[in-house]
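Step one of this worksheet: look at the structure below.
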Amino acid sequence: MLNPQFVPVDGHGRAGHTEPRAAFARDLRAALTSRPRSISPKYFYDERGSHLFDAICGLPEYYPTRTELRILQSHAREIAAQMGPRAEIVEFGAGSLRKVRLLLDAMDSPARYLPIDISGEHLARSAHELQRDYPRIEVQPVVADYTQRLLLPASLPGSGMRVGFFPGSTIGNFTPAEALHFLQVAGQVLRGGALLLGADLVKDPQVLHAAYNDAQGITAEFNLNLLQRANRELGTAFDVDGFSHSAFYNAPLHRIEMHLVSRRRQSVAWGTERFEFDEGETLHTENSYKFTIESLRALAVDAGFRPGPVWTDEGRMFSVHWLHAPQ
Ligand code: AVI
């Protein structure tokens with residue numbers, strides 16, 4: 001079945017999330033009128049932003065994607081053994097078909113694949129591709145905001161364990177409170193099953209710095225695209241050349257911070273409104289938290305999971321965790 005299904009999140013059949021453009025306008029206005037100015041990194045991912053992110057994943061300096069792929073590749077059989085026969089995979093986000101294929105190829109008769117994503121179009125495209133290549137697996141895309149309360153279709157009769165898959169260290173882009181909330185929501189929908197979670201690890205700050213300040217400037221483009229997207233979709237008049245990309249490791253908080261820094265004193269028009277930026281003033285666009293194996297496991301325990309095996313690469317750059325969901 002390939003028609004994306006909308007899953008209501010509030011029990012009244014309402015969508016539970018605002019129309020994306022209205023939400024972007026609301027959150028950008030809130031960012032511009034508060035100090036310090038900060039906006040959710042989820043607004044990076046319009047069509048151009050998603051392409052730029054794909055380009056980032058292939059950059060020599062950006063180690064997380066290839067390292068996680070290597071970990072999944074080397075340990076696919078052990079991971080599949082944890083799942084047992086006829087398991088179903090629930091993927092939070094629909095961006096990593098390469099990664100889920102590694103799992104599906106190693107699994108014993110996978111029953112169903114349920115990718116969840118807020119973008120119906122992107123989801124339908126990736127689900128279609130996967131269904132074409134895996135005709136025996138039921139691919140059932142679910143259009144929903146997986147950071148909210150979720151209702152998923154009931155398990156198929158005779159199916160095995162339900163396993164959540166959240167690769168890429170996207171958990172690091174949440175605030176600690178959001179990460180805990182996400183894990184609690186995931187724990188509810190995966191009850192009795194497990195979560196396979198990718199988490200980037202704390203490491204040499206120079207390696208981290210390079211990963212978010214690549215020589216080709218793709219990460220800078222990705223960051224600045226937020227302003228271009230606002231100009232395109234919301235009619236703001238950001239002078240994109242008037243801002244520069246900044247990414248640095250905040251060691252006490254174990255996170256990379258990305259900001260857009262105003263190169264000069266300037267005024268940004270948005271309809272009849274004006275927003276003033278001083279020289280050096282920033283719009284904080286992303287945090288990317290880095291974990292230790294222990295800190296990630298402690299977070300999972302707080303959300304009701306029981307930590308299982310952890311797989312890492314030789315350089316201990318990245319980690320993949322098996323977390324048993326609450327019963
Ligand atoms: C999607 N997320 C895990 C990426 C990260 O590393 O935090 C987003 C990204 N931002 C800049 N480069 C990549």
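FYI, nothing fancy with the structure tokens labels: chains A, B, ... in order, residues from 1 per chain, ligands from 1 as they appear.
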Inset, instruction - List all protein, DNA and RNA residues that have an atom no more than 7 Å from any atom of ligand 1, counting only C-alpha atoms and all ligand atoms, and report them as a ChimeraX atom specification. - result: /A:53,56,168-170,172-173,212,219,287-288
Using only C-alpha atoms, tabulate the residues of range 151-209 of chain A lying at most 10 Å from any atom of range 298-319 of chain A, each with its closest atom pair and that distance in Å to one decimal, by chain and increasing residue number, as a Markdown table.
```
| residue | atom | partner | partner_atom | distance |
| --- | --- | --- | --- | --- |
| A:Pro167 | CA | A:Ser319 | CA | 9.8 |
| A:Gly168 | CA | A:Phe318 | CA | 9.4 |
| A:Ser169 | CA | A:Phe318 | CA | 8.7 |
| A:Pro176 | CA | A:Leu299 | CA | 8.7 |
| A:Ala179 | CA | A:Leu299 | CA | 8.3 |
| A:Leu180 | CA | A:Ala303 | CA | 6.0 |
| A:His181 | CA | A:Ala303 | CA | 7.7 |
| A:Phe182 | CA | A:Ala303 | CA | 8.8 |
| A:Leu183 | CA | A:Ala303 | CA | 5.8 |
| A:Gln184 | CA | A:Ala303 | CA | 5.1 |
| A:Val185 | CA | A:Ala303 | CA | 8.9 |
| A:Ala186 | CA | A:Ala303 | CA | 9.2 |
| A:Gly187 | CA | A:Phe305 | CA | 7.1 |
| A:Gln188 | CA | A:Gly304 | CA | 9.6 |
| A:Arg191 | CA | A:Phe305 | CA | 9.7 |
| A:Ala194 | CA | A:Phe305 | CA | 8.3 |
| A:Leu195 | CA | A:Phe305 | CA | 8.7 |
| A:Leu196 | CA | A:Val310 | CA | 9.5 |
| A:Leu197 | CA | A:Ser319 | CA | 8.2 |
| A:Gly198 | CA | A:Ser319 | CA | 5.8 |
| A:Ala199 | CA | A:Ser319 | CA | 5.3 |
| A:Asp200 | CA | A:Phe318 | CA | 4.6 |
| A:Leu201 | CA | A:Phe318 | CA | 5.2 |
| A:Val202 | CA | A:Met317 | CA | 7.6 |
| A:Lys203 | CA | A:Met317 | CA | 6.9 |
| A:Asp204 | CA | A:Met317 | CA | 9.5 |
| A:Val207 | CA | A:Met317 | CA | 9.7 |
```
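The nearest approach to Leu69 in chain A among the residues A:Leu150, A:Ala87, A:Ala210, A:Cys57, with only C-alpha atoms taken into account, belongs to A:Cys57.
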Could you list, as a short mmCIF file (atom, residue, chain, number, x, y, z; two decimals) with all heavy atoms, in the first residue's frame, every residue within 12 Å of Thr33 in chain A, counting only C-alpha atoms and ignoring same-chain residues fewer than 3 positions away?
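Result saved to around21.cif:
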```
data_model
loop_
_atom_site.label_atom_id
_atom_site.label_comp_id
_atom_site.auth_asym_id
_atom_site.auth_seq_id
_atom_site.Cartn_x
_atom_site.Cartn_y
_atom_site.Cartn_z
N ARG A 26 5.34 32.24 11.71
CA ARG A 26 5.15 32.46 13.16
C ARG A 26 6.49 32.32 13.90
O ARG A 26 6.87 33.17 14.70
CB ARG A 26 4.14 31.40 13.67
CG ARG A 26 3.79 31.49 15.13
CD ARG A 26 3.22 30.17 15.62
NE ARG A 26 4.18 29.07 15.42
CZ ARG A 26 3.83 27.81 15.18
NH1 ARG A 26 2.58 27.47 15.09
NH2 ARG A 26 4.77 26.87 15.02
N ASP A 27 7.24 31.26 13.57
CA ASP A 27 8.49 31.01 14.31
C ASP A 27 9.58 32.01 13.93
O ASP A 27 10.41 32.38 14.76
CB ASP A 27 8.97 29.57 14.07
CG ASP A 27 8.08 28.56 14.79
OD1 ASP A 27 7.17 29.00 15.52
OD2 ASP A 27 8.29 27.35 14.62
N LEU A 28 9.59 32.47 12.66
CA LEU A 28 10.60 33.46 12.29
C LEU A 28 10.30 34.80 12.97
O LEU A 28 11.20 35.47 13.48
CB LEU A 28 10.65 33.63 10.76
CG LEU A 28 11.73 34.60 10.28
CD1 LEU A 28 13.13 34.12 10.65
CD2 LEU A 28 11.65 34.82 8.76
N ARG A 29 9.00 35.15 13.01
CA ARG A 29 8.64 36.42 13.68
C ARG A 29 9.04 36.34 15.16
O ARG A 29 9.62 37.28 15.71
CB ARG A 29 7.15 36.71 13.50
CG ARG A 29 6.73 38.01 14.14
CD ARG A 29 5.37 38.53 13.70
NE ARG A 29 5.42 39.17 12.39
CZ ARG A 29 4.99 38.62 11.26
NH1 ARG A 29 4.47 37.41 11.28
NH2 ARG A 29 5.06 39.27 10.12
N ALA A 30 8.75 35.21 15.78
CA ALA A 30 9.12 35.03 17.20
C ALA A 30 10.63 35.14 17.36
O ALA A 30 11.12 35.78 18.31
CB ALA A 30 8.62 33.69 17.70
N PRO A 36 18.31 36.25 22.94
CA PRO A 36 18.97 36.12 21.65
C PRO A 36 18.01 35.54 20.61
O PRO A 36 17.06 34.85 20.96
CB PRO A 36 20.13 35.16 21.94
CG PRO A 36 19.72 34.41 23.17
CD PRO A 36 18.82 35.31 23.95
N ARG A 37 18.31 35.82 19.34
CA ARG A 37 17.43 35.37 18.27
C ARG A 37 17.76 33.93 17.91
O ARG A 37 18.90 33.61 17.60
CB ARG A 37 17.62 36.26 17.05
CG ARG A 37 17.07 37.65 17.28
CD ARG A 37 17.48 38.60 16.20
NE ARG A 37 16.54 39.70 16.12
CZ ARG A 37 16.82 40.89 15.62
NH1 ARG A 37 18.03 41.15 15.15
NH2 ARG A 37 15.90 41.82 15.57
N SER A 38 16.73 33.08 17.92
CA SER A 38 17.00 31.69 17.54
C SER A 38 15.77 31.03 16.94
O SER A 38 14.63 31.34 17.31
CB SER A 38 17.54 30.94 18.76
OG SER A 38 16.66 30.00 19.22
N ILE A 39 16.00 30.16 15.96
CA ILE A 39 14.90 29.50 15.25
C ILE A 39 15.22 28.01 15.10
O ILE A 39 16.40 27.62 15.08
CB ILE A 39 14.66 30.17 13.87
CG1 ILE A 39 13.38 29.61 13.22
CG2 ILE A 39 15.87 30.03 12.93
CD1 ILE A 39 12.79 30.50 12.13
N GLU A 273 6.81 45.79 8.45
CA GLU A 273 7.67 45.74 9.65
C GLU A 273 9.15 45.89 9.29
O GLU A 273 9.54 45.67 8.15
CB GLU A 273 7.48 44.40 10.38
CG GLU A 273 6.11 44.22 10.97
CD GLU A 273 5.88 42.78 11.42
OE1 GLU A 273 5.53 41.94 10.57
OE2 GLU A 273 6.07 42.52 12.61
N ARG A 274 9.95 46.24 10.29
CA ARG A 274 11.41 46.35 10.12
C ARG A 274 12.08 45.66 11.30
O ARG A 274 11.66 45.85 12.45
CB ARG A 274 11.86 47.82 10.17
CG ARG A 274 11.47 48.67 8.98
CD ARG A 274 12.57 48.60 7.91
NE ARG A 274 12.25 49.39 6.73
CZ ARG A 274 11.31 49.08 5.86
NH1 ARG A 274 10.56 48.02 6.03
NH2 ARG A 274 11.09 49.84 4.80
N PHE A 275 13.12 44.89 11.03
CA PHE A 275 13.85 44.22 12.10
C PHE A 275 15.31 44.65 12.03
O PHE A 275 15.95 44.51 10.98
CB PHE A 275 13.70 42.70 11.97
CG PHE A 275 12.28 42.24 12.11
CD1 PHE A 275 11.48 42.05 10.98
CD2 PHE A 275 11.72 42.05 13.37
CE1 PHE A 275 10.15 41.67 11.12
CE2 PHE A 275 10.40 41.65 13.50
CZ PHE A 275 9.61 41.46 12.37
N GLU A 276 15.80 45.20 13.15
CA GLU A 276 17.16 45.77 13.16
C GLU A 276 18.18 44.71 13.59
O GLU A 276 17.93 43.94 14.52
CB GLU A 276 17.25 46.93 14.17
CG GLU A 276 16.16 47.99 14.02
CD GLU A 276 16.15 48.65 12.64
OE1 GLU A 276 17.26 48.81 12.07
OE2 GLU A 276 15.06 48.96 12.14
N PHE A 277 19.30 44.68 12.90
CA PHE A 277 20.43 43.83 13.30
C PHE A 277 21.63 44.74 13.51
O PHE A 277 21.97 45.54 12.64
CB PHE A 277 20.79 42.83 12.20
CG PHE A 277 19.94 41.58 12.20
CD1 PHE A 277 18.69 41.58 11.59
CD2 PHE A 277 20.40 40.42 12.81
CE1 PHE A 277 17.90 40.42 11.59
CE2 PHE A 277 19.62 39.27 12.82
CZ PHE A 277 18.37 39.27 12.20
N LEU A 283 21.53 35.31 14.30
CA LEU A 283 20.33 34.46 14.38
C LEU A 283 20.88 33.04 14.57
O LEU A 283 21.62 32.54 13.72
CB LEU A 283 19.52 34.59 13.07
CG LEU A 283 18.34 33.63 12.92
CD1 LEU A 283 17.28 33.86 14.02
CD2 LEU A 283 17.67 33.82 11.54
#
```
Legend entry - All residues 10 Å or closer to Asp117 in chain A, only C-alpha atoms, same chain fewer than 3 positions away omitted, as a ChimeraX atom specification: /A:4,91-95,114,120-124,141-146
Please, could you write that set of residues out with C-alpha atoms as a short mmCIF file (atom, residue, chain, number, x, y, z; two decimals), in the first residue's frame?
```cif
data_model
loop_
_atom_site.label_atom_id
_atom_site.label_comp_id
_atom_site.auth_asym_id
_atom_site.auth_seq_id
_atom_site.Cartn_x
_atom_site.Cartn_y
_atom_site.Cartn_z
CA PRO A 4 0.60 8.10 2.41
CA GLU A 91 11.64 5.07 10.51
CA PHE A 92 11.37 8.54 12.06
CA GLY A 93 12.00 10.73 9.00
CA ALA A 94 12.21 9.46 5.44
CA GLY A 95 15.60 10.66 4.35
CA LEU A 114 6.64 2.47 7.98
CA GLY A 120 4.17 13.98 2.08
CA GLU A 121 5.87 14.48 -1.27
CA HIS A 122 9.34 13.48 -0.16
CA LEU A 123 7.86 10.55 1.72
CA ALA A 124 5.80 9.28 -1.22
CA PRO A 141 4.30 5.73 4.55
CA VAL A 142 2.77 7.81 7.33
CA VAL A 143 2.48 11.60 6.98
CA ALA A 144 2.87 12.97 10.49
CA ASP A 145 5.04 15.10 12.75
CA TYR A 146 6.94 12.45 14.67
#
```
Inset, instruction - Between A:Ser246, A:Gln82, A:Gln228, A:Ser74, single out the one closest to Arg263 in chain A, counting only C-alpha atoms. - result: A:Ser246
Legend entry - Atomic distance CA of Trp270 in chain A - CA of His284 in chain A, expressed in Å with one decimal: 19.1 Å
Legend entry - All strand (DSSP E or B) positions in range 207-300 of chain A, as a VMD selection string: chain A and resid 236 243 to 250 255 to 262 266 to 270 273 to 277 282 to 289 291
Inset, instruction - Name the closest residue to Leu59 in chain A among the candidates A:Gln216, A:Ala111, A:Thr175, A:Leu32; distances are taken between atoms, counting only C-alpha atoms. - result: A:Gln216
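Considering only C-alpha atoms, the residue among A:Arg125, A:Leu227, A:Glu281, A:Val189 positioned nearest to Asp239 in chain A is A:Leu227.
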